[in-house]
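Have a look at the structure below, then the notes.
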Amino acid sequence: MRVVSMINGSLLSESASYYALSYARSVQLPFTALFVDNGKESQKAVEQSVQTLQEFAEANNVPF
């Protein structure tokens with residue numbers, strides 16, 4: 001089982017992912033960020049979100 005959060009580079013999706021990461025830590029499950037490229041989101045913004053979320057996950061000992 002995994003905790004999954006959709007991301008698209010927006011502040012809202014990143015905030016929801018922080019909540020999902022906290023939940024994953026509390027139930028001791030790995031976390032997965034899911035991005036579906038529909039051509040509308042900024043690839044750079046998504047990559048920055050992923051990097052930030054990975055750092056947060058590592059700091060909180062949550063497998064990413």
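Starting from 1 in every chain, residues are counted up; chains themselves are A, B, ... following the order of the structure tokens, and ligands are numbered from 1 as listed.
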DSSP alpha helix (DSSP H) selection over chain A, as a ChimeraX atom specification: /A:11-27,43-59
Strand (DSSP E) per DSSP on the backbone: members of chain A, as a count of residues only: 8
Selection near Ser26 of chain A, 12 Å with only C-alpha atoms, sequence-local residues under 5 positions removed, as a list in words: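 Returned residues: Val3, Tyr19, Ala20, Leu21, Phe31, Asn60, Asn61 and Val62 of chain A.
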Just-selected residues, N, CA and C atoms written as a PDB file, in the first residue's frame:
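The resulting file, out.pdb, is reproduced below:
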ATOM      1  N   VAL A   3       0.743   5.873  -0.183  1.00  0.00           N
ATOM      2  CA  VAL A   3      -0.021   7.120  -0.171  1.00  0.00           C
ATOM      3  C   VAL A   3       0.351   7.851  -1.460  1.00  0.00           C
ATOM      4  N   TYR A  19       0.525  17.438   3.118  1.00  0.00           N
ATOM      5  CA  TYR A  19      -0.430  16.747   3.990  1.00  0.00           C
ATOM      6  C   TYR A  19      -0.328  15.234   3.769  1.00  0.00           C
ATOM      7  N   ALA A  20      -0.278  14.816   2.517  1.00  0.00           N
ATOM      8  CA  ALA A  20      -0.178  13.386   2.202  1.00  0.00           C
ATOM      9  C   ALA A  20       1.118  12.792   2.743  1.00  0.00           C
ATOM     10  N   LEU A  21       2.211  13.542   2.659  1.00  0.00           N
ATOM     11  CA  LEU A  21       3.486  13.069   3.214  1.00  0.00           C
ATOM     12  C   LEU A  21       3.399  12.915   4.730  1.00  0.00           C
ATOM     13  N   PHE A  31       5.391   7.101   0.053  1.00  0.00           N
ATOM     14  CA  PHE A  31       4.665   8.166  -0.636  1.00  0.00           C
ATOM     15  C   PHE A  31       5.019   8.161  -2.117  1.00  0.00           C
ATOM     16  N   ASN A  60      11.876  13.638   6.772  1.00  0.00           N
ATOM     17  CA  ASN A  60      10.901  13.011   7.655  1.00  0.00           C
ATOM     18  C   ASN A  60      10.898  11.484   7.556  1.00  0.00           C
ATOM     19  N   ASN A  61      11.937  10.935   6.921  1.00  0.00           N
ATOM     20  CA  ASN A  61      12.101   9.486   6.802  1.00  0.00           C
ATOM     21  C   ASN A  61      10.898   8.793   6.178  1.00  0.00           C
ATOM     22  N   VAL A  62      10.402   9.392   5.093  1.00  0.00           N
ATOM     23  CA  VAL A  62       9.300   8.799   4.348  1.00  0.00           C
ATOM     24  C   VAL A  62       9.830   8.361   2.984  1.00  0.00           C
TER      25      VAL A  62
END
Residues near segment 47-52 of chain A, cut-off 10 Å, only C-alpha atoms, skip fewer than 5 positions along chain, as a ChimeraX atom specification: /A:7-11,13-15,17-18,33-35,42,57,64
Generate a file of the selected residues that holds N, CA, C and O atoms, formatted as a PDB file, in the first residue's frame.
ATOM      1  N   ILE A   7       0.261  15.790  -8.443  1.00  0.00           N
ATOM      2  CA  ILE A   7       0.937  17.095  -8.464  1.00  0.00           C
ATOM      3  C   ILE A   7       0.853  17.682  -9.861  1.00  0.00           C
ATOM      4  O   ILE A   7       0.757  16.946 -10.848  1.00  0.00           O
ATOM      5  N   ASN A   8       0.876  19.017  -9.930  1.00  0.00           N
ATOM      6  CA  ASN A   8       0.890  19.685 -11.227  1.00  0.00           C
ATOM      7  C   ASN A   8       1.743  20.952 -11.204  1.00  0.00           C
ATOM      8  O   ASN A   8       1.669  21.765 -12.107  1.00  0.00           O
ATOM      9  N   GLY A   9       2.514  21.127 -10.129  1.00  0.00           N
ATOM     10  CA  GLY A   9       3.374  22.293 -10.034  1.00  0.00           C
ATOM     11  C   GLY A   9       2.732  23.486  -9.345  1.00  0.00           C
ATOM     12  O   GLY A   9       3.383  24.490  -9.117  1.00  0.00           O
ATOM     13  N   SER A  10       1.452  23.379  -9.012  1.00  0.00           N
ATOM     14  CA  SER A  10       0.771  24.492  -8.356  1.00  0.00           C
ATOM     15  C   SER A  10       0.994  24.454  -6.850  1.00  0.00           C
ATOM     16  O   SER A  10       1.336  23.410  -6.269  1.00  0.00           O
ATOM     17  N   LEU A  11       0.788  25.589  -6.220  1.00  0.00           N
ATOM     18  CA  LEU A  11       0.920  25.682  -4.770  1.00  0.00           C
ATOM     19  C   LEU A  11      -0.104  24.779  -4.077  1.00  0.00           C
ATOM     20  O   LEU A  11       0.204  24.138  -3.079  1.00  0.00           O
ATOM     21  N   SER A  13      -1.454  21.911  -5.166  1.00  0.00           N
ATOM     22  CA  SER A  13      -1.093  20.492  -5.229  1.00  0.00           C
ATOM     23  C   SER A  13       0.105  20.191  -4.333  1.00  0.00           C
ATOM     24  O   SER A  13       0.178  19.122  -3.723  1.00  0.00           O
ATOM     25  N   GLU A  14       1.032  21.138  -4.242  1.00  0.00           N
ATOM     26  CA  GLU A  14       2.185  20.936  -3.364  1.00  0.00           C
ATOM     27  C   GLU A  14       1.747  20.909  -1.891  1.00  0.00           C
ATOM     28  O   GLU A  14       2.207  20.076  -1.115  1.00  0.00           O
ATOM     29  N   SER A  15       0.826  21.787  -1.526  1.00  0.00           N
ATOM     30  CA  SER A  15       0.314  21.806  -0.149  1.00  0.00           C
ATOM     31  C   SER A  15      -0.404  20.504   0.186  1.00  0.00           C
ATOM     32  O   SER A  15      -0.231  19.952   1.278  1.00  0.00           O
ATOM     33  N   SER A  17       0.210  17.684  -1.114  1.00  0.00           N
ATOM     34  CA  SER A  17       1.240  16.649  -1.026  1.00  0.00           C
ATOM     35  C   SER A  17       1.957  16.673   0.315  1.00  0.00           C
ATOM     36  O   SER A  17       2.330  15.622   0.840  1.00  0.00           O
ATOM     37  N   TYR A  18       2.138  17.854   0.892  1.00  0.00           N
ATOM     38  CA  TYR A  18       2.723  17.932   2.239  1.00  0.00           C
ATOM     39  C   TYR A  18       1.817  17.222   3.243  1.00  0.00           C
ATOM     40  O   TYR A  18       2.280  16.502   4.113  1.00  0.00           O
ATOM     41  N   ALA A  33       4.343  10.623  -5.614  1.00  0.00           N
ATOM     42  CA  ALA A  33       3.793  11.808  -6.272  1.00  0.00           C
ATOM     43  C   ALA A  33       3.480  11.416  -7.712  1.00  0.00           C
ATOM     44  O   ALA A  33       4.318  10.853  -8.408  1.00  0.00           O
ATOM     45  N   LEU A  34       2.281  11.708  -8.162  1.00  0.00           N
ATOM     46  CA  LEU A  34       1.839  11.313  -9.493  1.00  0.00           C
ATOM     47  C   LEU A  34       1.587  12.562 -10.336  1.00  0.00           C
ATOM     48  O   LEU A  34       0.857  13.465  -9.922  1.00  0.00           O
ATOM     49  N   PHE A  35       2.211  12.609 -11.497  1.00  0.00           N
ATOM     50  CA  PHE A  35       2.025  13.719 -12.426  1.00  0.00           C
ATOM     51  C   PHE A  35       1.633  13.163 -13.780  1.00  0.00           C
ATOM     52  O   PHE A  35       2.309  12.298 -14.332  1.00  0.00           O
ATOM     53  N   SER A  42       3.587  23.706 -16.257  1.00  0.00           N
ATOM     54  CA  SER A  42       4.995  24.026 -16.459  1.00  0.00           C
ATOM     55  C   SER A  42       5.855  22.871 -15.968  1.00  0.00           C
ATOM     56  O   SER A  42       5.788  22.505 -14.791  1.00  0.00           O
ATOM     57  N   ALA A  57      10.363  14.673   2.273  1.00  0.00           N
ATOM     58  CA  ALA A  57      10.197  13.248   2.572  1.00  0.00           C
ATOM     59  C   ALA A  57      11.457  12.681   3.229  1.00  0.00           C
ATOM     60  O   ALA A  57      11.377  11.958   4.230  1.00  0.00           O
ATOM     61  N   PHE A  64      10.115   7.851  -0.758  1.00  0.00           N
ATOM     62  CA  PHE A  64       9.499   8.635  -1.834  1.00  0.00           C
ATOM     63  C   PHE A  64       9.570   7.843  -3.117  1.00  0.00           C
ATOM     64  O   PHE A  64      10.595   7.412  -3.539  1.00  0.00           O
TER      65      PHE A  64
END
Straight-line distance linking atom CA of Glu55 of chain A with atom CA of Gly39 of chain A, stated in Å to one decimal: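 It comes out at 25.9 Å.
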Atomic distance atom CA of Gln28 of chain A - atom CA of Leu12 of chain A, expressed in Å with one decimal: 23.9 Å
Interatomic distance (Å, one decimal) between atom CA of Glu58 of chain A and atom CA of Val27 of chain A: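 Those two atoms sit 15.9 Å apart.
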